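What follows is model_12.pdb (PDB, N, CA and C atoms).
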ATOM      1  N   MET A   1    -110.407 -28.931-144.416
ATOM      2  CA  MET A   1    -109.153 -29.571-144.751
ATOM      3  C   MET A   1    -109.129 -30.978-144.168
ATOM      4  N   ARG A   2    -110.096 -31.768-144.480
ATOM      5  CA  ARG A   2    -110.164 -33.131-143.955
ATOM      6  C   ARG A   2    -109.712 -34.130-145.011
ATOM      7  N   THR A   3    -108.969 -35.109-144.557
ATOM      8  CA  THR A   3    -108.514 -36.180-145.409
ATOM      9  C   THR A   3    -109.604 -37.245-145.462
ATOM     10  N   GLN A   4    -109.813 -37.821-146.617
ATOM     11  CA  GLN A   4    -110.848 -38.842-146.757
ATOM     12  C   GLN A   4    -110.481 -40.132-146.030
ATOM     13  N   ARG A   5    -109.263 -40.587-146.223
ATOM     14  CA  ARG A   5    -108.825 -41.862-145.665
ATOM     15  C   ARG A   5    -107.837 -41.617-144.538
ATOM     16  N   GLU A   6    -108.001 -42.366-143.470
ATOM     17  CA  GLU A   6    -107.057 -42.243-142.357
ATOM     18  C   GLU A   6    -105.678 -42.708-142.815
ATOM     19  N   PRO A   7    -104.641 -41.927-142.524
ATOM     20  CA  PRO A   7    -103.297 -42.319-142.956
ATOM     21  C   PRO A   7    -102.835 -43.608-142.276
ATOM     22  N   THR A   8    -101.985 -44.323-142.954
ATOM     23  CA  THR A   8    -101.379 -45.517-142.384
ATOM     24  C   THR A   8    -100.410 -45.090-141.293
ATOM     25  N   THR A   9    -100.498 -45.724-140.152
ATOM     26  CA  THR A   9     -99.635 -45.347-139.030
ATOM     27  C   THR A   9     -98.210 -45.836-139.260
ATOM     28  N   PRO A  10     -97.240 -45.153-138.659
ATOM     29  CA  PRO A  10     -95.862 -45.636-138.751
ATOM     30  C   PRO A  10     -95.720 -47.063-138.208
ATOM     31  N   GLY A  11     -96.492 -47.384-137.190
ATOM     32  CA  GLY A  11     -96.438 -48.730-136.625
ATOM     33  C   GLY A  11     -96.908 -49.797-137.585
ATOM     34  N   GLU A  12     -97.961 -49.492-138.329
ATOM     35  CA  GLU A  12     -98.455 -50.450-139.318
ATOM     36  C   GLU A  12     -97.434 -50.616-140.445
ATOM     37  N   ILE A  13     -96.828 -49.521-140.861
ATOM     38  CA  ILE A  13     -95.775 -49.587-141.882
ATOM     39  C   ILE A  13     -94.622 -50.435-141.365
ATOM     40  N   LEU A  14     -94.205 -50.169-140.142
ATOM     41  CA  LEU A  14     -93.095 -50.904-139.546
ATOM     42  C   LEU A  14     -93.397 -52.405-139.505
ATOM     43  N   SER A  15     -94.584 -52.746-139.063
ATOM     44  CA  SER A  15     -94.965 -54.148-138.940
ATOM     45  C   SER A  15     -95.112 -54.831-140.295
ATOM     46  N   GLU A  16     -95.908 -54.233-141.176
ATOM     47  CA  GLU A  16     -96.265 -54.882-142.444
ATOM     48  C   GLU A  16     -95.182 -54.820-143.512
ATOM     49  N   GLU A  17     -94.423 -53.735-143.529
ATOM     50  CA  GLU A  17     -93.425 -53.547-144.586
ATOM     51  C   GLU A  17     -92.010 -53.945-144.178
ATOM     52  N   PHE A  18     -91.773 -54.099-142.883
ATOM     53  CA  PHE A  18     -90.420 -54.396-142.427
ATOM     54  C   PHE A  18     -90.345 -55.639-141.544
ATOM     55  N   LEU A  19     -91.025 -55.622-140.404
ATOM     56  CA  LEU A  19     -90.890 -56.746-139.478
ATOM     57  C   LEU A  19     -91.331 -58.072-140.110
ATOM     58  N   LYS A  20     -92.520 -58.108-140.659
ATOM     59  CA  LYS A  20     -93.022 -59.362-141.239
ATOM     60  C   LYS A  20     -92.162 -59.836-142.404
ATOM     61  N   PRO A  21     -91.871 -58.978-143.396
ATOM     62  CA  PRO A  21     -91.027 -59.455-144.508
ATOM     63  C   PRO A  21     -89.628 -59.888-144.076
ATOM     64  N   LEU A  22     -89.086 -59.237-143.045
ATOM     65  CA  LEU A  22     -87.751 -59.592-142.570
ATOM     66  C   LEU A  22     -87.766 -60.795-141.621
ATOM     67  N   GLY A  23     -88.960 -61.223-141.222
ATOM     68  CA  GLY A  23     -89.073 -62.310-140.249
ATOM     69  C   GLY A  23     -88.482 -61.927-138.906
ATOM     70  N   MET A  24     -88.651 -60.652-138.561
ATOM     71  CA  MET A  24     -88.046 -60.106-137.348
ATOM     72  C   MET A  24     -89.129 -59.829-136.318
ATOM     73  N   THR A  25     -88.837 -60.144-135.065
ATOM     74  CA  THR A  25     -89.786 -59.857-133.996
ATOM     75  C   THR A  25     -89.583 -58.428-133.488
ATOM     76  N   GLN A  26     -90.571 -57.951-132.766
ATOM     77  CA  GLN A  26     -90.452 -56.639-132.139
ATOM     78  C   GLN A  26     -89.274 -56.624-131.170
ATOM     79  N   ALA A  27     -89.078 -57.712-130.454
ATOM     80  CA  ALA A  27     -87.970 -57.797-129.493
ATOM     81  C   ALA A  27     -86.620 -57.737-130.205
ATOM     82  N   GLU A  28     -86.510 -58.402-131.325
ATOM     83  CA  GLU A  28     -85.258 -58.368-132.090
ATOM     84  C   GLU A  28     -84.961 -56.967-132.601
ATOM     85  N   LEU A  29     -86.001 -56.284-133.088
ATOM     86  CA  LEU A  29     -85.810 -54.906-133.561
ATOM     87  C   LEU A  29     -85.408 -54.009-132.400
ATOM     88  N   ALA A  30     -86.104 -54.137-131.286
ATOM     89  CA  ALA A  30     -85.787 -53.317-130.109
ATOM     90  C   ALA A  30     -84.342 -53.523-129.679
ATOM     91  N   ASN A  31     -83.909 -54.758-129.657
ATOM     92  CA  ASN A  31     -82.534 -55.076-129.285
ATOM     93  C   ASN A  31     -81.557 -54.421-130.265
ATOM     94  N   HIS A  32     -81.853 -54.512-131.550
ATOM     95  CA  HIS A  32     -80.983 -53.915-132.568
ATOM     96  C   HIS A  32     -80.921 -52.393-132.425
ATOM     97  N   LEU A  33     -82.070 -51.783-132.097
ATOM     98  CA  LEU A  33     -82.136 -50.328-131.971
ATOM     99  C   LEU A  33     -81.623 -49.831-130.623
ATOM    100  N   GLY A  34     -81.484 -50.732-129.661
ATOM    101  CA  GLY A  34     -81.045 -50.330-128.331
ATOM    102  C   GLY A  34     -82.134 -49.651-127.523
ATOM    103  N   CYS A  35     -83.357 -50.148-127.671
ATOM    104  CA  CYS A  35     -84.470 -49.583-126.906
ATOM    105  C   CYS A  35     -85.283 -50.713-126.292
ATOM    106  N   ASP A  36     -86.208 -50.353-125.436
ATOM    107  CA  ASP A  36     -87.078 -51.322-124.781
ATOM    108  C   ASP A  36     -88.100 -51.848-125.786
ATOM    109  N   VAL A  37     -88.398 -53.123-125.722
ATOM    110  CA  VAL A  37     -89.383 -53.724-126.612
ATOM    111  C   VAL A  37     -90.752 -53.070-126.443
ATOM    112  N   LYS A  38     -91.034 -52.562-125.248
ATOM    113  CA  LYS A  38     -92.324 -51.890-125.021
ATOM    114  C   LYS A  38     -92.496 -50.681-125.935
ATOM    115  N   VAL A  39     -91.397 -49.990-126.228
ATOM    116  CA  VAL A  39     -91.461 -48.819-127.113
ATOM    117  C   VAL A  39     -91.870 -49.257-128.512
ATOM    118  N   ILE A  40     -91.243 -50.307-129.013
ATOM    119  CA  ILE A  40     -91.577 -50.812-130.350
ATOM    120  C   ILE A  40     -93.013 -51.317-130.373
ATOM    121  N   ASN A  41     -93.420 -52.038-129.341
ATOM    122  CA  ASN A  41     -94.781 -52.545-129.273
ATOM    123  C   ASN A  41     -95.805 -51.416-129.283
ATOM    124  N   ARG A  42     -95.530 -50.359-128.542
ATOM    125  CA  ARG A  42     -96.464 -49.218-128.505
ATOM    126  C   ARG A  42     -96.546 -48.529-129.862
ATOM    127  N   ILE A  43     -95.425 -48.419-130.563
ATOM    128  CA  ILE A  43     -95.440 -47.817-131.911
ATOM    129  C   ILE A  43     -96.234 -48.712-132.855
ATOM    130  N   VAL A  44     -95.931 -50.006-132.868
ATOM    131  CA  VAL A  44     -96.614 -50.944-133.759
ATOM    132  C   VAL A  44     -98.117 -50.935-133.514
ATOM    133  N   ASN A  45     -98.524 -50.829-132.255
ATOM    134  CA  ASN A  45     -99.950 -50.854-131.919
ATOM    135  C   ASN A  45    -100.603 -49.479-131.895
ATOM    136  N   GLY A  46     -99.875 -48.450-132.331
ATOM    137  CA  GLY A  46    -100.450 -47.113-132.447
ATOM    138  C   GLY A  46    -100.723 -46.429-131.126
ATOM    139  N   ARG A  47    -100.057 -46.853-130.053
ATOM    140  CA  ARG A  47    -100.294 -46.248-128.744
ATOM    141  C   ARG A  47     -99.296 -45.149-128.413
ATOM    142  N   THR A  48     -98.257 -45.018-129.223
ATOM    143  CA  THR A  48     -97.300 -43.935-129.024
ATOM    144  C   THR A  48     -96.792 -43.461-130.368
ATOM    145  N   SER A  49     -96.323 -42.250-130.382
ATOM    146  CA  SER A  49     -95.842 -41.633-131.612
ATOM    147  C   SER A  49     -94.367 -41.933-131.839
ATOM    148  N   VAL A  50     -93.975 -41.841-133.099
ATOM    149  CA  VAL A  50     -92.558 -41.937-133.441
ATOM    150  C   VAL A  50     -91.922 -40.586-133.129
ATOM    151  N   THR A  51     -90.914 -40.600-132.281
ATOM    152  CA  THR A  51     -90.188 -39.379-131.929
ATOM    153  C   THR A  51     -89.077 -39.140-132.942
ATOM    154  N   ALA A  52     -88.476 -37.965-132.875
ATOM    155  CA  ALA A  52     -87.355 -37.658-133.765
ATOM    156  C   ALA A  52     -86.211 -38.645-133.540
ATOM    157  N   GLU A  53     -85.915 -38.952-132.289
ATOM    158  CA  GLU A  53     -84.838 -39.903-131.985
ATOM    159  C   GLU A  53     -85.149 -41.285-132.558
ATOM    160  N   MET A  54     -86.377 -41.740-132.387
ATOM    161  CA  MET A  54     -86.747 -43.051-132.917
ATOM    162  C   MET A  54     -86.734 -43.034-134.444
ATOM    163  N   ALA A  55     -87.118 -41.925-135.038
ATOM    164  CA  ALA A  55     -87.077 -41.804-136.498
ATOM    165  C   ALA A  55     -85.642 -41.962-137.003
ATOM    166  N   ILE A  56     -84.693 -41.397-136.282
ATOM    167  CA  ILE A  56     -83.275 -41.531-136.665
ATOM    168  C   ILE A  56     -82.853 -42.992-136.541
ATOM    169  N   ARG A  57     -83.238 -43.636-135.459
ATOM    170  CA  ARG A  57     -82.874 -45.048-135.252
ATOM    171  C   ARG A  57     -83.489 -45.941-136.335
ATOM    172  N   LEU A  58     -84.797 -45.758-136.574
ATOM    173  CA  LEU A  58     -85.468 -46.573-137.591
ATOM    174  C   LEU A  58     -84.883 -46.304-138.976
ATOM    175  N   GLY A  59     -84.639 -45.030-139.273
ATOM    176  CA  GLY A  59     -84.073 -44.673-140.570
ATOM    177  C   GLY A  59     -82.727 -45.335-140.799
ATOM    178  N   ALA A  60     -81.869 -45.286-139.800
ATOM    179  CA  ALA A  60     -80.535 -45.882-139.927
ATOM    180  C   ALA A  60     -80.623 -47.403-140.070
ATOM    181  N   ALA A  61     -81.417 -48.034-139.226
ATOM    182  CA  ALA A  61     -81.503 -49.496-139.221
ATOM    183  C   ALA A  61     -82.171 -50.043-140.481
ATOM    184  N   LEU A  62     -83.139 -49.306-141.008
ATOM    185  CA  LEU A  62     -83.918 -49.800-142.145
ATOM    186  C   LEU A  62     -83.530 -49.133-143.466
ATOM    187  N   LYS A  63     -82.427 -48.390-143.442
ATOM    188  CA  LYS A  63     -81.886 -47.723-144.633
ATOM    189  C   LYS A  63     -82.920 -46.807-145.289
ATOM    190  N   MET A  64     -83.513 -45.965-144.449
ATOM    191  CA  MET A  64     -84.510 -44.999-144.903
ATOM    192  C   MET A  64     -84.203 -43.666-144.238
ATOM    193  N   SER A  65     -84.855 -42.634-144.713
ATOM    194  CA  SER A  65     -84.634 -41.333-144.086
ATOM    195  C   SER A  65     -85.470 -41.218-142.811
ATOM    196  N   PRO A  66     -84.945 -40.517-141.815
ATOM    197  CA  PRO A  66     -85.747 -40.264-140.614
ATOM    198  C   PRO A  66     -86.997 -39.457-140.958
ATOM    199  N   GLU A  67     -86.887 -38.625-141.984
ATOM    200  CA  GLU A  67     -88.037 -37.800-142.401
ATOM    201  C   GLU A  67     -89.220 -38.658-142.825
ATOM    202  N   PHE A  68     -88.963 -39.817-143.416
ATOM    203  CA  PHE A  68     -90.052 -40.717-143.797
ATOM    204  C   PHE A  68     -90.910 -41.051-142.586
ATOM    205  N   TRP A  69     -90.248 -41.443-141.487
ATOM    206  CA  TRP A  69     -90.966 -41.846-140.275
ATOM    207  C   TRP A  69     -91.670 -40.663-139.628
ATOM    208  N   LEU A  70     -91.013 -39.500-139.611
ATOM    209  CA  LEU A  70     -91.646 -38.313-139.027
ATOM    210  C   LEU A  70     -92.806 -37.827-139.877
ATOM    211  N   ASN A  71     -92.680 -37.896-141.200
ATOM    212  CA  ASN A  71     -93.777 -37.489-142.083
ATOM    213  C   ASN A  71     -94.982 -38.409-141.916
ATOM    214  N   ALA A  72     -94.724 -39.706-141.779
ATOM    215  CA  ALA A  72     -95.824 -40.653-141.549
ATOM    216  C   ALA A  72     -96.530 -40.339-140.233
ATOM    217  N   GLN A  73     -95.747 -40.049-139.193
ATOM    218  CA  GLN A  73     -96.331 -39.701-137.899
ATOM    219  C   GLN A  73     -97.101 -38.396-137.982
ATOM    220  N   GLN A  74     -96.540 -37.418-138.676
ATOM    221  CA  GLN A  74     -97.200 -36.121-138.812
ATOM    222  C   GLN A  74     -98.538 -36.245-139.547
ATOM    223  N   ALA A  75     -98.599 -37.074-140.565
ATOM    224  CA  ALA A  75     -99.856 -37.278-141.296
ATOM    225  C   ALA A  75    -100.938 -37.823-140.368
ATOM    226  N   VAL A  76    -100.572 -38.764-139.517
ATOM    227  CA  VAL A  76    -101.521 -39.335-138.550
ATOM    228  C   VAL A  76    -101.938 -38.275-137.531
ATOM    229  N   ASP A  77    -100.973 -37.524-137.025
ATOM    230  CA  ASP A  77    -101.258 -36.489-136.022
ATOM    231  C   ASP A  77    -102.211 -35.427-136.566
ATOM    232  N   ILE A  78    -101.968 -34.964-137.790
ATOM    233  CA  ILE A  78    -102.827 -33.937-138.392
ATOM    234  C   ILE A  78    -104.220 -34.487-138.634
ATOM    235  N   TYR A  79    -104.313 -35.695-139.131
ATOM    236  CA  TYR A  79    -105.611 -36.323-139.371
ATOM    237  C   TYR A  79    -106.415 -36.414-138.071
ATOM    238  N   GLN A  80    -105.771 -36.891-137.017
ATOM    239  CA  GLN A  80    -106.461 -37.045-135.733
ATOM    240  C   GLN A  80    -106.842 -35.694-135.134
ATOM    241  N   ALA A  81    -105.977 -34.695-135.258
ATOM    242  CA  ALA A  81    -106.289 -33.360-134.730
ATOM    243  C   ALA A  81    -107.477 -32.756-135.464
ATOM    244  N   ALA A  82    -107.509 -32.902-136.783
ATOM    245  CA  ALA A  82    -108.619 -32.356-137.571
ATOM    246  C   ALA A  82    -109.935 -33.023-137.199
ATOM    247  N   ARG A  83    -109.900 -34.301-136.900
ATOM    248  CA  ARG A  83    -111.123 -35.008-136.499
ATOM    249  C   ARG A  83    -111.617 -34.571-135.124
ATOM    250  N   ARG A  84    -110.675 -34.177-134.248
ATOM    251  CA  ARG A  84    -111.056 -33.722-132.896
ATOM    252  C   ARG A  84    -111.606 -32.298-132.907
ATOM    253  N   MET A  85    -111.204 -31.505-133.871
ATOM    254  CA  MET A  85    -111.614 -30.100-133.890
ATOM    255  C   MET A  85    -113.078 -29.977-134.291
ATOM    256  N   ARG A  86    -113.787 -29.148-133.581
ATOM    257  CA  ARG A  86    -115.198 -28.935-133.898
ATOM    258  C   ARG A  86    -115.368 -27.959-135.052
ATOM    259  N   LYS A  87    -114.487 -26.971-135.094
ATOM    260  CA  LYS A  87    -114.598 -25.963-136.135
ATOM    261  C   LYS A  87    -113.204 -25.568-136.589
ATOM    262  N   ILE A  88    -112.981 -25.639-137.880
ATOM    263  CA  ILE A  88    -111.725 -25.223-138.456
ATOM    264  C   ILE A  88    -111.939 -23.837-139.059
ATOM    265  N   PRO A  89    -111.089 -22.859-138.738
ATOM    266  CA  PRO A  89    -111.303 -21.509-139.236
ATOM    267  C   PRO A  89    -111.302 -21.426-140.751
ATOM    268  N   ALA A  90    -112.111 -20.523-141.266
ATOM    269  CA  ALA A  90    -112.122 -20.249-142.703
ATOM    270  C   ALA A  90    -110.864 -19.472-143.064
ATOM    271  N   PRO A  91    -110.447 -19.538-144.320
ATOM    272  CA  PRO A  91    -109.270 -18.743-144.721
ATOM    273  C   PRO A  91    -109.525 -17.251-144.546
ATOM    274  N   ILE A  92    -108.473 -16.518-144.224
ATOM    275  CA  ILE A  92    -108.543 -15.054-144.096
ATOM    276  C   ILE A  92    -108.520 -14.460-145.505
ATOM    277  N   PRO A  93    -109.484 -13.604-145.836
ATOM    278  CA  PRO A  93    -109.488 -12.987-147.161
ATOM    279  C   PRO A  93    -108.264 -12.101-147.354
ATOM    280  N   ARG A  94    -107.708 -12.099-148.511
ATOM    281  CA  ARG A  94    -106.536 -11.281-148.836
ATOM    282  C   ARG A  94    -106.995 -10.002-149.525
ATOM    283  N   ALA A  95    -106.383  -8.895-149.108
ATOM    284  CA  ALA A  95    -106.717  -7.603-149.740
ATOM    285  C   ALA A  95    -106.015  -7.517-151.093
ATOM    286  N   GLY A  96    -106.660  -6.877-152.016
ATOM    287  CA  GLY A  96    -105.957  -6.568-153.245
ATOM    288  C   GLY A  96    -106.446  -7.259-154.399
TER     289      GLY A  96
END
Would you give me this structure, written as structure tokens?
Amino acid sequence: MRTQREPTTPGEILSEEFLKPLGMTQAELANHLGCDVKVINRIVNGRTSVTAEMAIRLGAALKMSPEFWLNAQQAVDIYQAARRMRKIPAPIPRAG
């Protein structure tokens, strides 16, 4: 169950699809969201995951669903976990 292409990180989406087009800095976004700029910087640079709380904040501020941000994070998490695993179990045969 391996994905061919690494998913786009929520941070890359945030930077390329929102911050740059809006002409907004990470500090400005952090201020608007009421969080530390370090949190936004870590998300943008892929050093931390988008939490449920941050997904709600980003969703509200950017007029998107929080699920969008969590789904993007989940895709990255699953991709990275599958790459770390040495052996993925085979499916269990079904009787009948």
Evaluate the PyMOL selection byres (((chain A and resi 51 and name CA) around 12) and name CA) here and jot the selected residues down as a PDB file with N, CA and C atoms, keeping the file's coordinate frame.
ATOM      1  N   PRO A  10     -97.240 -45.153-138.659  1.00  0.00           N
ATOM      2  CA  PRO A  10     -95.862 -45.636-138.751  1.00  0.00           C
ATOM      3  C   PRO A  10     -95.720 -47.063-138.208  1.00  0.00           C
ATOM      4  N   VAL A  39     -91.397 -49.990-126.228  1.00  0.00           N
ATOM      5  CA  VAL A  39     -91.461 -48.819-127.113  1.00  0.00           C
ATOM      6  C   VAL A  39     -91.870 -49.257-128.512  1.00  0.00           C
ATOM      7  N   ILE A  40     -91.243 -50.307-129.013  1.00  0.00           N
ATOM      8  CA  ILE A  40     -91.577 -50.812-130.350  1.00  0.00           C
ATOM      9  C   ILE A  40     -93.013 -51.317-130.373  1.00  0.00           C
ATOM     10  N   ILE A  43     -95.425 -48.419-130.563  1.00  0.00           N
ATOM     11  CA  ILE A  43     -95.440 -47.817-131.911  1.00  0.00           C
ATOM     12  C   ILE A  43     -96.234 -48.712-132.855  1.00  0.00           C
ATOM     13  N   THR A  48     -98.257 -45.018-129.223  1.00  0.00           N
ATOM     14  CA  THR A  48     -97.300 -43.935-129.024  1.00  0.00           C
ATOM     15  C   THR A  48     -96.792 -43.461-130.368  1.00  0.00           C
ATOM     16  N   SER A  49     -96.323 -42.250-130.382  1.00  0.00           N
ATOM     17  CA  SER A  49     -95.842 -41.633-131.612  1.00  0.00           C
ATOM     18  C   SER A  49     -94.367 -41.933-131.839  1.00  0.00           C
ATOM     19  N   VAL A  50     -93.975 -41.841-133.099  1.00  0.00           N
ATOM     20  CA  VAL A  50     -92.558 -41.937-133.441  1.00  0.00           C
ATOM     21  C   VAL A  50     -91.922 -40.586-133.129  1.00  0.00           C
ATOM     22  N   ALA A  52     -88.476 -37.965-132.875  1.00  0.00           N
ATOM     23  CA  ALA A  52     -87.355 -37.658-133.765  1.00  0.00           C
ATOM     24  C   ALA A  52     -86.211 -38.645-133.540  1.00  0.00           C
ATOM     25  N   GLU A  53     -85.915 -38.952-132.289  1.00  0.00           N
ATOM     26  CA  GLU A  53     -84.838 -39.903-131.985  1.00  0.00           C
ATOM     27  C   GLU A  53     -85.149 -41.285-132.558  1.00  0.00           C
ATOM     28  N   MET A  54     -86.377 -41.740-132.387  1.00  0.00           N
ATOM     29  CA  MET A  54     -86.747 -43.051-132.917  1.00  0.00           C
ATOM     30  C   MET A  54     -86.734 -43.034-134.444  1.00  0.00           C
ATOM     31  N   ALA A  55     -87.118 -41.925-135.038  1.00  0.00           N
ATOM     32  CA  ALA A  55     -87.077 -41.804-136.498  1.00  0.00           C
ATOM     33  C   ALA A  55     -85.642 -41.962-137.003  1.00  0.00           C
ATOM     34  N   ILE A  56     -84.693 -41.397-136.282  1.00  0.00           N
ATOM     35  CA  ILE A  56     -83.275 -41.531-136.665  1.00  0.00           C
ATOM     36  C   ILE A  56     -82.853 -42.992-136.541  1.00  0.00           C
ATOM     37  N   ARG A  57     -83.238 -43.636-135.459  1.00  0.00           N
ATOM     38  CA  ARG A  57     -82.874 -45.048-135.252  1.00  0.00           C
ATOM     39  C   ARG A  57     -83.489 -45.941-136.335  1.00  0.00           C
ATOM     40  N   LEU A  58     -84.797 -45.758-136.574  1.00  0.00           N
ATOM     41  CA  LEU A  58     -85.468 -46.573-137.591  1.00  0.00           C
ATOM     42  C   LEU A  58     -84.883 -46.304-138.976  1.00  0.00           C
ATOM     43  N   GLY A  59     -84.639 -45.030-139.273  1.00  0.00           N
ATOM     44  CA  GLY A  59     -84.073 -44.673-140.570  1.00  0.00           C
ATOM     45  C   GLY A  59     -82.727 -45.335-140.799  1.00  0.00           C
ATOM     46  N   PRO A  66     -84.945 -40.517-141.815  1.00  0.00           N
ATOM     47  CA  PRO A  66     -85.747 -40.264-140.614  1.00  0.00           C
ATOM     48  C   PRO A  66     -86.997 -39.457-140.958  1.00  0.00           C
ATOM     49  N   GLU A  67     -86.887 -38.625-141.984  1.00  0.00           N
ATOM     50  CA  GLU A  67     -88.037 -37.800-142.401  1.00  0.00           C
ATOM     51  C   GLU A  67     -89.220 -38.658-142.825  1.00  0.00           C
ATOM     52  N   PHE A  68     -88.963 -39.817-143.416  1.00  0.00           N
ATOM     53  CA  PHE A  68     -90.052 -40.717-143.797  1.00  0.00           C
ATOM     54  C   PHE A  68     -90.910 -41.051-142.586  1.00  0.00           C
ATOM     55  N   TRP A  69     -90.248 -41.443-141.487  1.00  0.00           N
ATOM     56  CA  TRP A  69     -90.966 -41.846-140.275  1.00  0.00           C
ATOM     57  C   TRP A  69     -91.670 -40.663-139.628  1.00  0.00           C
ATOM     58  N   LEU A  70     -91.013 -39.500-139.611  1.00  0.00           N
ATOM     59  CA  LEU A  70     -91.646 -38.313-139.027  1.00  0.00           C
ATOM     60  C   LEU A  70     -92.806 -37.827-139.877  1.00  0.00           C
ATOM     61  N   ASN A  71     -92.680 -37.896-141.200  1.00  0.00           N
ATOM     62  CA  ASN A  71     -93.777 -37.489-142.083  1.00  0.00           C
ATOM     63  C   ASN A  71     -94.982 -38.409-141.916  1.00  0.00           C
ATOM     64  N   ALA A  72     -94.724 -39.706-141.779  1.00  0.00           N
ATOM     65  CA  ALA A  72     -95.824 -40.653-141.549  1.00  0.00           C
ATOM     66  C   ALA A  72     -96.530 -40.339-140.233  1.00  0.00           C
ATOM     67  N   GLN A  73     -95.747 -40.049-139.193  1.00  0.00           N
ATOM     68  CA  GLN A  73     -96.331 -39.701-137.899  1.00  0.00           C
ATOM     69  C   GLN A  73     -97.101 -38.396-137.982  1.00  0.00           C
ATOM     70  N   GLN A  74     -96.540 -37.418-138.676  1.00  0.00           N
ATOM     71  CA  GLN A  74     -97.200 -36.121-138.812  1.00  0.00           C
ATOM     72  C   GLN A  74     -98.538 -36.245-139.547  1.00  0.00           C
TER      73      GLN A  74
END
Translate the PyMOL selection byres (((chain A and resi 76 and name CA) around 8) and name CA), as applied to the file shown, into an explicit residue set as a CSV table (one decimal) with N, CA and C atoms, keeping the file's coordinate frame.
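See out.csv below for the written result:
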chain,number,residue,atom,x,y,z
A,6,GLU,N,-108.0,-42.4,-143.5
A,6,GLU,CA,-107.1,-42.2,-142.4
A,6,GLU,C,-105.7,-42.7,-142.8
A,7,PRO,N,-104.6,-41.9,-142.5
A,7,PRO,CA,-103.3,-42.3,-143.0
A,7,PRO,C,-102.8,-43.6,-142.3
A,8,THR,N,-102.0,-44.3,-143.0
A,8,THR,CA,-101.4,-45.5,-142.4
A,8,THR,C,-100.4,-45.1,-141.3
A,9,THR,N,-100.5,-45.7,-140.2
A,9,THR,CA,-99.6,-45.3,-139.0
A,9,THR,C,-98.2,-45.8,-139.3
A,72,ALA,N,-94.7,-39.7,-141.8
A,72,ALA,CA,-95.8,-40.7,-141.5
A,72,ALA,C,-96.5,-40.3,-140.2
A,73,GLN,N,-95.7,-40.0,-139.2
A,73,GLN,CA,-96.3,-39.7,-137.9
A,73,GLN,C,-97.1,-38.4,-138.0
A,74,GLN,N,-96.5,-37.4,-138.7
A,74,GLN,CA,-97.2,-36.1,-138.8
A,74,GLN,C,-98.5,-36.2,-139.5
A,75,ALA,N,-98.6,-37.1,-140.6
A,75,ALA,CA,-99.9,-37.3,-141.3
A,75,ALA,C,-100.9,-37.8,-140.4
A,77,ASP,N,-101.0,-37.5,-137.0
A,77,ASP,CA,-101.3,-36.5,-136.0
A,77,ASP,C,-102.2,-35.4,-136.6
A,78,ILE,N,-102.0,-35.0,-137.8
A,78,ILE,CA,-102.8,-33.9,-138.4
A,78,ILE,C,-104.2,-34.5,-138.6
A,79,TYR,N,-104.3,-35.7,-139.1
A,79,TYR,CA,-105.6,-36.3,-139.4
A,79,TYR,C,-106.4,-36.4,-138.1
A,80,GLN,N,-105.8,-36.9,-137.0
A,80,GLN,CA,-106.5,-37.0,-135.7
A,80,GLN,C,-106.8,-35.7,-135.1
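Atom N of A:Lys20 to atom C of A:Gln4 spans 26.0 Å [interatomic distance, one decimal].
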Subject >> the PyMOL selection byres ((chain A and resi 27) around 8) applied to the shown file, residues as number ranges by chain >> reply: A: 24-26, 28-33, 36-38, 40-41
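With only N, CA and C atoms as the atoms that count, the residue of A:Glu17, A:Ser65, A:Gly96, A:Gly11 with the shortest distance to A:Asn45 is A:Gly11.
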**OP:** as a PyMOL selection string, please: all residues of chain A that backbone DSSP puts in alpha helix (DSSP H).
**Re:** chain A and resi 10-13+20-22+26-33+37-44+52-61+66-84
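With atom N of A:Glu16 on one side and atom N of A:Ala82 on the other, the separation reads 24.7 Å.
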Original post:
With only N, CA and C atoms as the basis for distance, which of A:Gly46, A:Arg86, A:Pro91, A:Met64 is at the shortest distance from A:Glu12?
Top reply: A:Gly46
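Across the model, the gap from atom CA of A:Leu19 to atom CA of A:Arg42 is 14.4 Å.
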Taking all listed atoms of stretch 39-49 of chain A, build the axis-aligned box, pad each of the six sides by 4 Å, then write its centre and edge lengths in Å to one decimal as JSON.
{"center_x": -96.0, "center_y": -47.1, "center_z": -130.0, "size_x": 17.5, "size_y": 18.9, "size_z": 15.5}
